[in-house]
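Here is data-v4.txt, consisting of compact mmCIF, C-alpha atoms:
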```txt
# COMPACT_ATOMS: atom_id res chain seq x y z
CA MET A 590 2.58 23.44 -6.81
CA ILE A 591 0.12 20.68 -7.63
CA THR A 592 -2.05 21.54 -10.62
CA THR A 593 -4.50 18.65 -10.58
CA THR A 594 -7.98 19.31 -9.22
CA ARG A 595 -8.98 15.64 -9.48
CA GLN A 596 -9.45 13.50 -6.41
CA VAL A 597 -6.63 11.00 -6.74
CA ARG A 598 -7.31 7.48 -5.51
CA PRO A 599 -5.07 4.42 -5.16
CA PHE A 600 -4.74 2.66 -8.50
CA LEU A 601 -4.50 -0.74 -6.76
CA LYS A 602 -6.98 -2.45 -4.49
CA TRP A 603 -5.07 -3.14 -1.29
CA ALA A 604 -5.62 -5.41 1.70
CA GLY A 605 -5.47 -3.13 4.74
CA GLY A 606 -5.56 0.01 2.59
CA LYS A 607 -6.13 3.20 4.52
CA GLY A 608 -8.82 4.72 2.33
CA GLN A 609 -11.59 3.93 4.81
CA LEU A 610 -9.59 5.44 7.71
CA ILE A 611 -8.45 8.71 6.11
CA ASP A 612 -11.02 10.83 7.98
CA GLN A 613 -9.94 9.36 11.33
CA ILE A 614 -6.21 9.55 10.56
CA ALA A 615 -6.61 13.18 9.48
CA LEU A 616 -7.64 14.07 13.04
CA HIS A 617 -4.24 12.93 14.31
CA LEU A 618 -1.86 14.42 11.74
CA PRO A 619 0.98 16.57 13.09
CA PRO A 620 -0.01 20.25 13.45
CA ALA A 621 3.32 21.12 11.80
CA LEU A 622 1.78 20.12 8.47
CA LYS A 623 -0.52 23.14 8.57
CA THR A 624 2.22 25.56 9.61
CA GLY A 625 4.40 24.49 6.69
CA ARG A 626 7.26 23.25 8.85
CA ILE A 627 7.11 19.77 7.31
CA LYS A 628 8.83 19.75 3.92
CA LYS A 629 9.37 16.04 3.31
CA TYR A 630 7.05 13.04 3.42
CA PHE A 631 8.18 9.43 3.90
CA GLU A 632 6.14 6.26 3.50
CA PRO A 633 8.32 3.14 3.95
CA PHE A 634 5.49 0.62 3.41
CA LEU A 635 3.80 2.17 0.41
CA GLY A 636 1.32 -0.52 -0.66
CA GLY A 637 -1.75 1.16 -2.17
CA GLY A 638 -0.53 4.61 -1.10
CA ALA A 639 -3.93 5.94 0.02
CA LEU A 640 -2.52 8.33 2.63
CA PHE A 641 0.22 9.59 0.32
CA PHE A 642 -2.27 10.47 -2.41
CA TRP A 643 -4.62 12.19 0.01
CA LEU A 644 -1.88 14.16 1.75
CA SER A 645 -0.29 15.19 -1.54
CA GLU A 646 -3.50 16.95 -2.51
CA GLN A 647 -3.73 18.72 0.84
CA TYR A 648 -0.10 19.75 1.36
CA ASP A 649 2.59 20.81 -1.09
CA PHE A 650 5.59 18.76 0.07
CA GLU A 651 8.95 19.71 -1.39
CA SER A 652 9.76 16.02 -1.77
CA ALA A 653 8.40 12.57 -1.02
CA TYR A 654 10.31 9.36 -0.36
CA LEU A 655 8.30 6.25 -1.09
CA TYR A 656 9.59 2.75 -0.32
CA GLU A 657 8.02 -0.54 -1.41
CA ILE A 658 9.73 -3.84 -0.57
CA ASN A 659 7.74 -5.83 -3.13
CA PRO A 660 9.67 -5.49 -6.43
CA ALA A 661 6.61 -5.94 -8.65
CA VAL A 662 4.61 -3.27 -6.83
CA ASN A 663 7.61 -0.95 -6.66
CA LEU A 664 8.04 -1.31 -10.42
CA CYS A 665 4.37 -0.49 -10.88
CA TYR A 666 4.83 2.91 -9.23
CA GLN A 667 7.95 3.65 -11.26
CA VAL A 668 6.25 2.81 -14.56
CA ILE A 669 3.29 5.06 -13.73
CA GLN A 670 5.74 7.82 -12.85
CA LYS A 671 7.83 7.53 -16.02
CA ASN A 672 5.83 5.68 -18.71
CA ILE A 673 2.18 6.51 -18.12
CA GLY A 674 1.26 6.87 -21.81
CA LYS A 675 2.58 3.44 -22.77
CA LEU A 676 0.96 1.88 -19.69
CA ILE A 677 -2.45 3.35 -20.53
CA LYS A 678 -2.19 1.93 -24.04
CA GLU A 679 -1.35 -1.55 -22.69
CA LEU A 680 -4.15 -1.44 -20.10
CA ASN A 681 -6.71 -0.36 -22.67
CA GLN A 682 -5.80 -3.38 -24.77
CA LEU A 683 -6.16 -5.71 -21.78
CA GLU A 684 -9.51 -4.14 -20.90
CA LEU A 685 -10.76 -4.58 -24.46
CA GLU A 686 -9.59 -8.19 -24.48
CA TYR A 687 -11.32 -8.91 -21.17
CA PHE A 688 -14.69 -7.37 -22.01
CA SER A 689 -14.71 -8.91 -25.48
CA ALA A 690 -14.50 -12.38 -23.95
CA SER A 691 -17.55 -14.43 -23.01
CA GLU A 692 -18.32 -14.94 -19.33
CA LYS A 693 -16.91 -18.45 -19.51
CA SER A 694 -13.79 -17.28 -21.34
CA LYS A 695 -13.00 -14.52 -18.83
CA GLU A 696 -11.83 -17.01 -16.22
CA LYS A 697 -9.43 -18.72 -18.66
CA LEU A 698 -8.17 -15.32 -19.80
CA TYR A 699 -7.47 -14.37 -16.19
CA TYR A 700 -5.40 -17.51 -15.53
CA ASP A 701 -3.53 -17.07 -18.80
CA LYS A 702 -2.58 -13.53 -17.79
CA ARG A 703 -1.67 -14.69 -14.29
CA GLU A 704 0.73 -17.25 -15.76
CA GLU A 705 2.22 -14.61 -18.06
CA PHE A 706 2.80 -12.37 -15.04
CA ASN A 707 4.40 -15.22 -13.09
CA VAL A 708 6.77 -15.91 -15.99
CA PHE A 709 8.01 -12.35 -15.55
CA LEU A 710 8.41 -12.93 -11.81
CA ARG A 711 10.29 -16.20 -12.26
CA ARG A 712 12.70 -14.78 -14.81
CA LYS A 713 13.10 -11.48 -12.99
CA ALA A 714 13.61 -9.95 -16.42
CA SER A 715 14.29 -6.24 -16.72
CA ASN A 716 12.59 -5.90 -20.10
CA SER A 717 8.85 -5.45 -20.79
CA VAL A 718 8.36 -3.47 -17.57
CA VAL A 719 5.27 -1.73 -18.98
CA ARG A 720 3.64 -5.05 -19.88
CA ARG A 721 4.47 -6.49 -16.47
CA THR A 722 2.92 -3.47 -14.73
CA ALA A 723 -0.19 -3.63 -16.91
CA LEU A 724 -0.62 -7.31 -16.02
CA LEU A 725 -0.28 -6.57 -12.30
CA ILE A 726 -2.99 -3.90 -12.47
CA PHE A 727 -5.21 -6.16 -14.59
CA LEU A 728 -4.85 -9.03 -12.10
CA ASN A 729 -5.45 -6.71 -9.16
CA LYS A 730 -8.74 -5.52 -10.65
CA THR A 731 -10.01 -8.97 -11.64
CA CYS A 732 -8.71 -11.28 -8.91
CA PHE A 733 -10.51 -12.31 -5.72
CA ASN A 734 -10.85 -9.37 -3.31
CA GLY A 735 -8.04 -7.43 -4.98
CA LEU A 736 -5.38 -9.25 -2.96
CA TYR A 737 -1.70 -9.33 -3.75
CA ARG A 738 -0.55 -12.71 -2.47
CA VAL A 739 2.33 -14.95 -3.45
CA ASN A 740 3.30 -18.53 -2.67
CA SER A 741 6.63 -19.73 -1.25
CA GLN A 742 8.18 -19.48 -4.72
CA GLY A 743 7.13 -15.85 -4.96
CA GLU A 744 4.46 -16.49 -7.60
CA PHE A 745 1.14 -14.65 -7.65
CA ASN A 746 -1.54 -17.20 -6.71
CA VAL A 747 -4.82 -15.33 -6.10
CA PRO A 748 -7.83 -16.94 -7.87
CA PHE A 749 -10.22 -15.30 -10.32
CA GLY A 750 -12.65 -12.80 -8.79
CA TRP A 751 -15.77 -13.15 -10.96
CA TYR A 752 -16.50 -9.40 -10.95
CA LYS A 753 -19.18 -8.31 -13.40
CA ASN A 754 -17.74 -4.97 -14.52
CA PRO A 755 -14.28 -4.22 -13.07
CA THR A 756 -12.60 -0.94 -13.97
CA ILE A 757 -9.32 -2.13 -15.41
CA CYS A 758 -8.08 1.14 -16.88
CA ASN A 759 -9.12 4.35 -15.12
CA GLU A 760 -7.21 6.74 -17.37
CA ASP A 761 -8.11 9.94 -15.54
CA ASN A 762 -6.99 8.62 -12.17
CA LEU A 763 -3.81 7.05 -13.53
CA TYR A 764 -2.73 10.33 -15.13
CA ALA A 765 -3.45 12.14 -11.85
CA VAL A 766 -1.42 9.54 -9.94
CA SER A 767 1.46 10.00 -12.36
CA GLU A 768 1.34 13.76 -11.80
CA LEU A 769 1.58 13.39 -8.03
CA LEU A 770 4.46 10.93 -8.34
CA GLN A 771 6.64 13.35 -10.31
CA LYS A 772 8.22 14.83 -7.18
CA ALA A 773 8.61 11.44 -5.45
CA GLU A 774 11.70 9.30 -5.09
CA ILE A 775 10.52 5.69 -5.37
CA SER A 776 12.75 2.92 -4.03
CA CYS A 777 12.54 -0.82 -3.55
CA GLY A 778 14.03 -1.22 -0.11
CA ASP A 779 13.81 -1.85 3.59
CA PHE A 780 11.89 0.52 5.85
CA SER A 781 15.10 1.49 7.64
CA GLN A 782 16.28 3.38 4.53
CA CYS A 783 14.16 6.34 5.58
CA LEU A 784 16.77 7.11 8.26
CA GLU A 785 19.15 8.35 5.58
CA TYR A 786 17.12 11.41 4.60
CA ALA A 787 14.61 12.04 7.40
CA ASP A 788 15.14 15.05 9.64
CA ASN A 789 13.19 17.47 11.83
CA GLU A 790 11.24 18.74 8.79
CA SER A 791 9.96 15.26 7.93
CA PHE A 792 6.72 13.35 8.44
CA VAL A 793 7.14 9.57 8.37
CA TYR A 794 4.13 7.26 8.14
CA PHE A 795 4.61 3.55 8.81
CA ASP A 796 1.92 1.11 7.68
CA PRO A 797 3.70 -2.26 8.02
CA PRO A 798 2.23 -5.72 7.51
CA TYR A 799 -0.12 -6.00 10.46
CA ARG A 800 0.58 -8.28 13.37
CA PRO A 801 -2.04 -11.09 13.17
CA ILE A 802 -4.69 -10.70 15.85
CA SER A 803 -5.59 -14.40 15.77
CA THR A 804 -4.14 -17.66 14.50
CA THR A 805 -6.58 -17.62 11.58
CA ALA A 806 -6.15 -13.95 10.64
CA SER A 807 -2.53 -14.16 9.53
CA PHE A 808 -1.83 -12.65 6.12
CA THR A 809 1.91 -13.16 5.62
CA SER A 810 2.05 -13.91 1.91
CA TYR A 811 2.34 -10.38 0.51
CA SER A 812 5.96 -11.29 -0.17
CA LYS A 813 8.20 -14.28 0.51
CA ASP A 814 9.54 -12.54 3.61
CA ILE A 815 7.57 -12.86 6.85
CA PHE A 816 7.04 -9.76 8.98
CA ASP A 817 7.01 -11.35 12.43
CA ASP A 818 7.33 -9.95 15.97
CA GLN A 819 11.09 -9.58 15.55
CA GLU A 820 10.49 -7.35 12.55
CA GLN A 821 7.92 -5.37 14.55
CA LYS A 822 10.60 -4.82 17.19
CA ARG A 823 13.17 -3.83 14.57
CA LEU A 824 10.65 -1.32 13.25
CA ARG A 825 10.29 0.04 16.78
CA LYS A 826 14.03 0.74 16.86
CA VAL A 827 13.82 2.68 13.60
CA TYR A 828 10.82 4.57 15.02
CA GLY A 829 13.01 5.49 18.00
CA GLU A 830 15.87 6.68 15.79
CA LEU A 831 13.47 8.92 13.88
CA ASP A 832 12.17 10.26 17.17
CA LYS A 833 15.74 11.22 18.12
CA LYS A 834 16.00 13.12 14.84
CA ASP A 835 12.86 15.08 15.85
CA ALA A 836 10.99 13.77 12.83
CA PHE A 837 7.21 13.52 13.13
CA VAL A 838 6.29 9.82 13.12
CA MET A 839 2.96 8.01 12.82
CA LEU A 840 2.47 4.23 12.74
CA SER A 841 -0.58 2.04 12.06
CA ASN A 842 -1.04 -1.55 13.15
CA SER A 843 -3.59 -4.10 14.28
CA ASP A 844 -4.95 -3.98 17.80
CA PRO A 845 -4.37 -7.32 19.57
CA LYS A 846 -6.90 -6.30 22.19
CA ASN A 847 -9.66 -7.12 19.68
CA ILE A 848 -9.07 -10.77 20.59
CA ASN A 849 -7.22 -10.64 23.90
CA PRO A 850 -7.76 -7.61 26.18
CA ASP A 851 -4.61 -8.61 28.06
CA ASP A 852 -2.35 -8.55 25.00
CA ASN A 853 -0.20 -5.44 25.53
CA PHE A 854 2.34 -6.11 22.77
CA PHE A 855 2.07 -2.68 21.15
CA ASP A 856 1.20 -0.80 24.33
CA ASP A 857 4.45 -2.08 25.83
CA LEU A 858 6.49 -1.74 22.63
CA TYR A 859 5.53 1.91 22.16
CA ARG A 860 5.28 2.87 25.80
CA GLY A 861 5.83 6.60 26.18
CA HIS A 862 4.23 7.45 22.85
CA ARG A 863 0.64 8.42 22.16
CA ILE A 864 -1.57 5.51 21.09
CA GLU A 865 -5.04 6.09 19.66
CA ARG A 866 -7.51 3.39 18.63
CA LEU A 867 -9.47 3.80 15.39
CA ASN A 868 -12.59 1.98 14.25
CA ALA A 869 -12.03 -0.09 11.11
CA ARG A 870 -14.00 -2.66 9.16
CA ARG A 871 -12.43 -6.00 8.33
CA LEU A 872 -12.83 -6.29 4.55
CA ILE A 873 -10.90 -9.36 3.39
CA ASN A 874 -12.42 -12.10 5.51
CA CYS A 875 -13.89 -14.70 3.15
CA ASN A 876 -16.92 -14.95 5.46
CA ALA A 877 -18.98 -11.78 4.93
CA GLU A 878 -20.66 -12.21 8.33
CA ARG A 879 -17.27 -11.81 10.02
CA ARG A 880 -16.41 -8.52 8.33
CA GLY A 881 -17.30 -6.52 11.41
CA VAL A 882 -15.96 -3.38 13.05
CA ILE A 883 -12.67 -3.79 14.88
CA THR A 884 -10.11 -1.35 16.25
CA GLU A 885 -6.67 -0.55 14.87
CA ILE A 886 -3.95 1.39 16.62
CA LEU A 887 -2.28 4.63 15.62
CA VAL A 888 1.00 5.49 17.35
CA MET A 889 2.44 9.02 17.30
CA ASN A 890 5.54 10.68 18.75
CA TYR A 891 3.97 14.15 18.85
```
Re-express the file's structure as structure tokens.
Amino acid sequence: MITTTRQVRPFLKWAGGKGQLIDQIALHLPPALKTGRIKKYFEPFLGGGALFFWLSEQYDFESAYLYEINPAVNLCYQVIQKNIGKLIKELNQLELEYFSASEKSKEKLYYDKREEFNVFLRRKASNSVVRRTALLIFLNKTCFNGLYRVNSQGEFNVPFGWYKNPTICNEDNLYAVSELLQKAEISCGDFSQCLEYADNESFVYFDPPYRPISTTASFTSYSKDIFDDQEQKRLRKVYGELDKKDAFVMLSNSDPKNINPDDNFFDDLYRGHRIERLNARRLINCNAERRGVITEILVMNY
């Protein structure tokens, strides 16, 4: 049984995070959650984990299987799960260093820490995992728009964010996150791995890299691997296999009809399943005037 009474929030800012959509998603959750039939939760594209944290405070799952293909982000979750005390100490030091610097010096400090983080990525070293995780969180809180973006060499390349007072170390929330992660199995792997353990007592939530709705909206640099239409179709096959197992499956994605009303890519791909459209606000467009309300799709097999 969960003992925390704190409202747990994602510890990373996340492009496409589901925090703003929780109230709408909650209206479409499987009724079997309330009856207690669902024992296991799966999230194969973990990212910021907003839905996992929210659900874990509402329902007492026996187990959770969390998958994150990005090794650096996957490591971040594992360190919070297993080494929270050491991580808090490292983050507090980074926070002190940042706020002790002059406004002019903060930018240089940011780029120095970014280079230190990229050295870890280039070497793929297994040591200093706590330091590497602390740097990732530090960069996430101080970079532009909280993006995680890498170049073709897999190096983090987001510029400085110029925030006045970023919260680099939220101790209370990090400890609460660590508590919720204790019953989770965290893996760095492909979304298809969920097929190994999912069954008819499972709820699987897919939140893959979104299909770009325009030629200028593409955000494919979360990792070196591109999630194109072929990957969307491969995901559809896994969705179908889960459906055959009688697992409860929900999937989020962009709605191509925002740009082209005749684009039926997802309507055709998931024909036969329930598709709902949710109102979302585009948050990462560099032009504030273009951060308007759009729709996203939610696909369910129940």
Handout entry: Interatomic distance (Å, one decimal) between atom CA of A:Pro633 and atom CA of A:Glu704
Key =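 It comes out at 29.4 Å.
Minimum distance to A:Val719 across A:Val668, A:Ile802, A:Val838, A:Ala621 (counting all atoms listed in the file) occurs at A:Val668.
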Practice task
Identify which of the residues A:Ala836, A:Ala690, A:Val747, A:Cys665 lies closest to A:Ser791, counting all atoms listed in the file when measuring atom-to-atom distances.
Solution key: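 With all atoms listed in the file as the atom set, the closest residue is A:Ala836.
Those residues that approach A:Arg823 to within 9 Å, counting all atoms listed in the file, are Ser781, Asp818 and Tyr828 of chain A; same-chain residues fewer than 5 positions away are not listed.
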Exercise for the section: Rank nothing, just name the residue among A:Glu651, A:Asp701, A:Arg860, A:Asp851 nearest to A:Ile627, using only C-alpha atoms. Expected result: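 Of A:Glu651, A:Asp701, A:Arg860, A:Asp851, the one nearest A:Ile627 is A:Glu651, counting only C-alpha atoms.
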Missing atoms in stretch 851-874 of chain A: fill them in up to N, CA and C atoms and send the result as an mmCIF file, keeping the file's coordinate frame.
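result11.cif, freshly written:
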```
data_model
loop_
_atom_site.group_PDB
_atom_site.id
_atom_site.type_symbol
_atom_site.label_atom_id
_atom_site.label_comp_id
_atom_site.auth_asym_id
_atom_site.auth_seq_id
_atom_site.Cartn_x
_atom_site.Cartn_y
_atom_site.Cartn_z
ATOM 1 N N ASP A 851 -5.836 -8.634 27.274
ATOM 2 C CA ASP A 851 -4.610 -8.610 28.060
ATOM 3 C C ASP A 851 -3.338 -8.594 27.201
ATOM 4 N N ASP A 852 -3.504 -8.564 25.887
ATOM 5 C CA ASP A 852 -2.350 -8.550 25.000
ATOM 6 C C ASP A 852 -1.856 -7.114 24.853
ATOM 7 N N ASN A 853 -0.741 -6.805 25.504
ATOM 8 C CA ASN A 853 -0.200 -5.440 25.530
ATOM 9 C C ASN A 853 1.035 -5.289 24.646
ATOM 10 N N PHE A 854 1.133 -6.108 23.604
ATOM 11 C CA PHE A 854 2.340 -6.110 22.770
ATOM 12 C C PHE A 854 2.698 -4.697 22.303
ATOM 13 N N PHE A 855 1.759 -4.012 21.666
ATOM 14 C CA PHE A 855 2.070 -2.680 21.150
ATOM 15 C C PHE A 855 2.062 -1.616 22.234
ATOM 16 N N ASP A 856 1.210 -1.769 23.221
ATOM 17 C CA ASP A 856 1.200 -0.800 24.330
ATOM 18 C C ASP A 856 2.543 -0.803 25.048
ATOM 19 N N ASP A 857 3.129 -1.993 25.196
ATOM 20 C CA ASP A 857 4.450 -2.080 25.830
ATOM 21 C C ASP A 857 5.547 -1.639 24.873
ATOM 22 N N LEU A 858 5.444 -2.044 23.602
ATOM 23 C CA LEU A 858 6.490 -1.740 22.630
ATOM 24 C C LEU A 858 6.633 -0.237 22.413
ATOM 25 N N TYR A 859 5.502 0.467 22.410
ATOM 26 C CA TYR A 859 5.530 1.910 22.160
ATOM 27 C C TYR A 859 5.172 2.709 23.409
ATOM 28 N N ARG A 860 5.520 2.157 24.543
ATOM 29 C CA ARG A 860 5.280 2.870 25.800
ATOM 30 C C ARG A 860 5.984 4.232 25.776
ATOM 31 N N GLY A 861 5.269 5.249 26.189
ATOM 32 C CA GLY A 861 5.830 6.600 26.180
ATOM 33 C C GLY A 861 5.388 7.417 24.983
ATOM 34 N N HIS A 862 4.764 6.752 24.007
ATOM 35 C CA HIS A 862 4.230 7.450 22.850
ATOM 36 C C HIS A 862 2.703 7.410 22.872
ATOM 37 N N ARG A 863 2.092 8.335 22.168
ATOM 38 C CA ARG A 863 0.640 8.420 22.160
ATOM 39 C C ARG A 863 0.040 7.330 21.277
ATOM 40 N N ILE A 864 -0.899 6.576 21.827
ATOM 41 C CA ILE A 864 -1.570 5.510 21.090
ATOM 42 C C ILE A 864 -3.066 5.808 21.048
ATOM 43 N N GLU A 865 -3.604 5.910 19.846
ATOM 44 C CA GLU A 865 -5.040 6.090 19.660
ATOM 45 C C GLU A 865 -5.597 4.839 18.983
ATOM 46 N N ARG A 866 -6.860 4.545 19.248
ATOM 47 C CA ARG A 866 -7.510 3.390 18.630
ATOM 48 C C ARG A 866 -8.609 3.881 17.686
ATOM 49 N N LEU A 867 -8.537 3.405 16.441
ATOM 50 C CA LEU A 867 -9.470 3.800 15.390
ATOM 51 C C LEU A 867 -10.421 2.659 15.079
ATOM 52 N N ASN A 868 -11.625 2.993 14.661
ATOM 53 C CA ASN A 868 -12.590 1.980 14.250
ATOM 54 C C ASN A 868 -12.384 1.644 12.775
ATOM 55 N N ALA A 869 -12.238 0.364 12.483
ATOM 56 C CA ALA A 869 -12.030 -0.090 11.110
ATOM 57 C C ALA A 869 -12.982 -1.242 10.827
ATOM 58 N N ARG A 870 -13.161 -1.529 9.559
ATOM 59 C CA ARG A 870 -14.000 -2.660 9.160
ATOM 60 C C ARG A 870 -13.129 -3.688 8.454
ATOM 61 N N ARG A 871 -13.181 -4.920 8.943
ATOM 62 C CA ARG A 871 -12.430 -6.000 8.330
ATOM 63 C C ARG A 871 -13.060 -6.318 6.978
ATOM 64 N N LEU A 872 -12.275 -6.172 5.890
ATOM 65 C CA LEU A 872 -12.830 -6.290 4.550
ATOM 66 C C LEU A 872 -12.427 -7.544 3.802
ATOM 67 N N ILE A 873 -11.389 -8.263 4.222
ATOM 68 C CA ILE A 873 -10.900 -9.360 3.390
ATOM 69 C C ILE A 873 -11.216 -10.736 3.957
ATOM 70 N N ASN A 874 -12.013 -10.795 5.023
ATOM 71 C CA ASN A 874 -12.420 -12.100 5.510
ATOM 72 C C ASN A 874 -13.338 -12.755 4.482
#
```
